[in-house]
Amino acid sequence: MKTKRFKRVYNEGAMAVSEIFVDQETGVNYFFHSNGNAGGLTPLLDKEGKVVVTEIADTSF
């Protein structure tokens with residue numbers, strides 16, 4: 001069985017939805033926000049503007 005590449009690690013909202021996904025191959029975190037039929041996806045950044053990367057072993061939760 002092949003593991004899914006992206007794992008949702010955070011979710012909030014019903015009409016306006018905010019989610020964070022982790023790429024299980026690279027560890028890069030992505031922020032997704034949608035409201036109605038509009039949405040956007042971007043890499044999640046820390047306070048220094050660097051891409052948030054989760055160690056792959058940490059995505060097994």
# chains A, B, ... in the order shown; residues from 1 in each chain; ligands from 1

$ residues_around --residues "Arg8 of chain A" --least-positions-apart "5" --cutoff "10 Å" --atoms "only C-alpha atoms" --output "NGL selection string"
:A and (19-23 or 29-31 or 59)

$ residues_around --residues "Ile56 of chain A" --least-positions-apart "5" --cutoff "10 Å" --atoms "only C-alpha atoms" --output "ChimeraX atom specification"
/A:22-28

$ write_last_selection --atoms "N, CA and C atoms" --output "mmCIF file, in the first residue's frame"
data_model
loop_
_atom_site.group_PDB
_atom_site.id
_atom_site.type_symbol
_atom_site.label_atom_id
_atom_site.label_comp_id
_atom_site.auth_asym_id
_atom_site.auth_seq_id
_atom_site.Cartn_x
_atom_site.Cartn_y
_atom_site.Cartn_z
ATOM 1 N N VAL A 22 1.436 18.581 5.323
ATOM 2 C CA VAL A 22 2.867 18.278 5.304
ATOM 3 C C VAL A 22 3.132 17.310 4.161
ATOM 4 N N ASP A 23 4.093 17.676 3.310
ATOM 5 C CA ASP A 23 4.548 16.798 2.241
ATOM 6 C C ASP A 23 5.416 15.736 2.899
ATOM 7 N N GLN A 24 4.989 14.487 2.858
ATOM 8 C CA GLN A 24 5.694 13.423 3.562
ATOM 9 C C GLN A 24 6.982 12.990 2.882
ATOM 10 N N GLU A 25 7.252 13.502 1.684
ATOM 11 C CA GLU A 25 8.523 13.209 1.020
ATOM 12 C C GLU A 25 9.573 14.269 1.330
ATOM 13 N N THR A 26 9.156 15.525 1.433
ATOM 14 C CA THR A 26 10.112 16.617 1.652
ATOM 15 C C THR A 26 10.030 17.225 3.045
ATOM 16 N N GLY A 27 8.901 17.059 3.740
ATOM 17 C CA GLY A 27 8.692 17.661 5.053
ATOM 18 C C GLY A 27 8.205 19.094 4.991
ATOM 19 N N VAL A 28 8.063 19.667 3.795
ATOM 20 C CA VAL A 28 7.616 21.057 3.656
ATOM 21 C C VAL A 28 6.156 21.167 4.085
#

$ select_by_dssp --residues "chain A" --states "strand (DSSP E or B)" --output "number ranges by chain"
A: 6-12, 16-23, 28-35, 38-43, 45, 51, 53

$ write_last_selection --atoms "N, CA and C atoms" --output "short mmCIF file (atom, residue, chain, number, x, y, z; two decimals), in the first residue's frame"
data_model
loop_
_atom_site.label_atom_id
_atom_site.label_comp_id
_atom_site.auth_asym_id
_atom_site.auth_seq_id
_atom_site.Cartn_x
_atom_site.Cartn_y
_atom_site.Cartn_z
N PHE A 6 0.66 13.75 0.95
CA PHE A 6 0.35 14.88 1.82
C PHE A 6 -0.53 14.44 2.98
N LYS A 7 -0.18 14.93 4.16
CA LYS A 7 -0.94 14.60 5.37
C LYS A 7 -1.45 15.91 5.96
N ARG A 8 -2.76 15.98 6.21
CA ARG A 8 -3.33 17.16 6.86
C ARG A 8 -3.03 17.08 8.35
N VAL A 9 -2.39 18.13 8.88
CA VAL A 9 -2.02 18.12 10.29
C VAL A 9 -2.76 19.18 11.09
N TYR A 10 -3.51 20.06 10.40
CA TYR A 10 -4.28 21.10 11.09
C TYR A 10 -5.47 21.46 10.24
N ASN A 11 -6.62 21.71 10.89
CA ASN A 11 -7.84 22.06 10.18
C ASN A 11 -8.72 22.87 11.12
N GLU A 12 -9.24 24.01 10.62
CA GLU A 12 -10.22 24.77 11.39
C GLU A 12 -11.18 25.46 10.43
N ALA A 16 -15.22 29.16 5.97
CA ALA A 16 -13.85 29.62 5.66
C ALA A 16 -12.92 28.61 6.33
N VAL A 17 -12.20 27.85 5.52
CA VAL A 17 -11.40 26.74 6.04
C VAL A 17 -9.92 27.07 5.95
N SER A 18 -9.18 26.82 7.03
CA SER A 18 -7.72 26.95 7.05
C SER A 18 -7.15 25.58 7.41
N GLU A 19 -6.17 25.14 6.61
CA GLU A 19 -5.58 23.83 6.82
C GLU A 19 -4.07 23.90 6.61
N ILE A 20 -3.35 23.01 7.28
CA ILE A 20 -1.92 22.86 7.05
C ILE A 20 -1.68 21.42 6.64
N PHE A 21 -0.91 21.27 5.56
CA PHE A 21 -0.54 19.95 5.03
C PHE A 21 0.96 19.80 5.07
N VAL A 22 1.44 18.58 5.32
CA VAL A 22 2.87 18.28 5.30
C VAL A 22 3.13 17.31 4.16
N ASP A 23 4.09 17.68 3.31
CA ASP A 23 4.55 16.80 2.24
C ASP A 23 5.42 15.74 2.90
N VAL A 28 8.06 19.67 3.80
CA VAL A 28 7.62 21.06 3.66
C VAL A 28 6.16 21.17 4.09
N ASN A 29 5.85 22.22 4.87
CA ASN A 29 4.49 22.50 5.33
C ASN A 29 3.83 23.50 4.39
N TYR A 30 2.56 23.27 4.07
CA TYR A 30 1.80 24.16 3.20
C TYR A 30 0.55 24.64 3.93
N PHE A 31 0.23 25.92 3.75
CA PHE A 31 -0.97 26.51 4.33
C PHE A 31 -2.00 26.66 3.22
N PHE A 32 -3.21 26.15 3.44
CA PHE A 32 -4.30 26.26 2.48
C PHE A 32 -5.46 26.97 3.14
N HIS A 33 -6.04 27.95 2.44
CA HIS A 33 -7.22 28.65 2.97
C HIS A 33 -8.24 28.73 1.85
N SER A 34 -9.49 28.42 2.18
CA SER A 34 -10.57 28.57 1.20
C SER A 34 -11.77 29.22 1.86
N ASN A 35 -12.50 29.96 1.05
CA ASN A 35 -13.72 30.63 1.50
C ASN A 35 -14.69 30.58 0.33
N ALA A 38 -13.40 30.06 -3.56
CA ALA A 38 -12.07 30.63 -3.78
C ALA A 38 -11.11 30.05 -2.75
N GLY A 39 -9.85 29.89 -3.14
CA GLY A 39 -8.88 29.35 -2.20
C GLY A 39 -7.46 29.61 -2.65
N GLY A 40 -6.53 29.37 -1.76
CA GLY A 40 -5.13 29.57 -2.08
C GLY A 40 -4.24 28.65 -1.26
N LEU A 41 -3.07 28.34 -1.82
CA LEU A 41 -2.11 27.45 -1.19
C LEU A 41 -0.74 28.11 -1.25
N THR A 42 0.00 28.05 -0.14
CA THR A 42 1.34 28.64 -0.09
C THR A 42 2.19 27.86 0.90
N PRO A 43 3.51 27.83 0.69
CA PRO A 43 4.35 27.22 1.72
C PRO A 43 4.18 28.00 3.03
N LEU A 45 5.48 29.75 6.28
CA LEU A 45 6.74 30.40 6.63
C LEU A 45 6.81 30.66 8.13
N VAL A 51 10.88 28.70 5.02
CA VAL A 51 9.87 27.64 4.87
C VAL A 51 9.93 26.71 6.08
N VAL A 53 9.76 23.30 7.73
CA VAL A 53 10.00 21.92 7.32
C VAL A 53 9.91 21.03 8.55
#
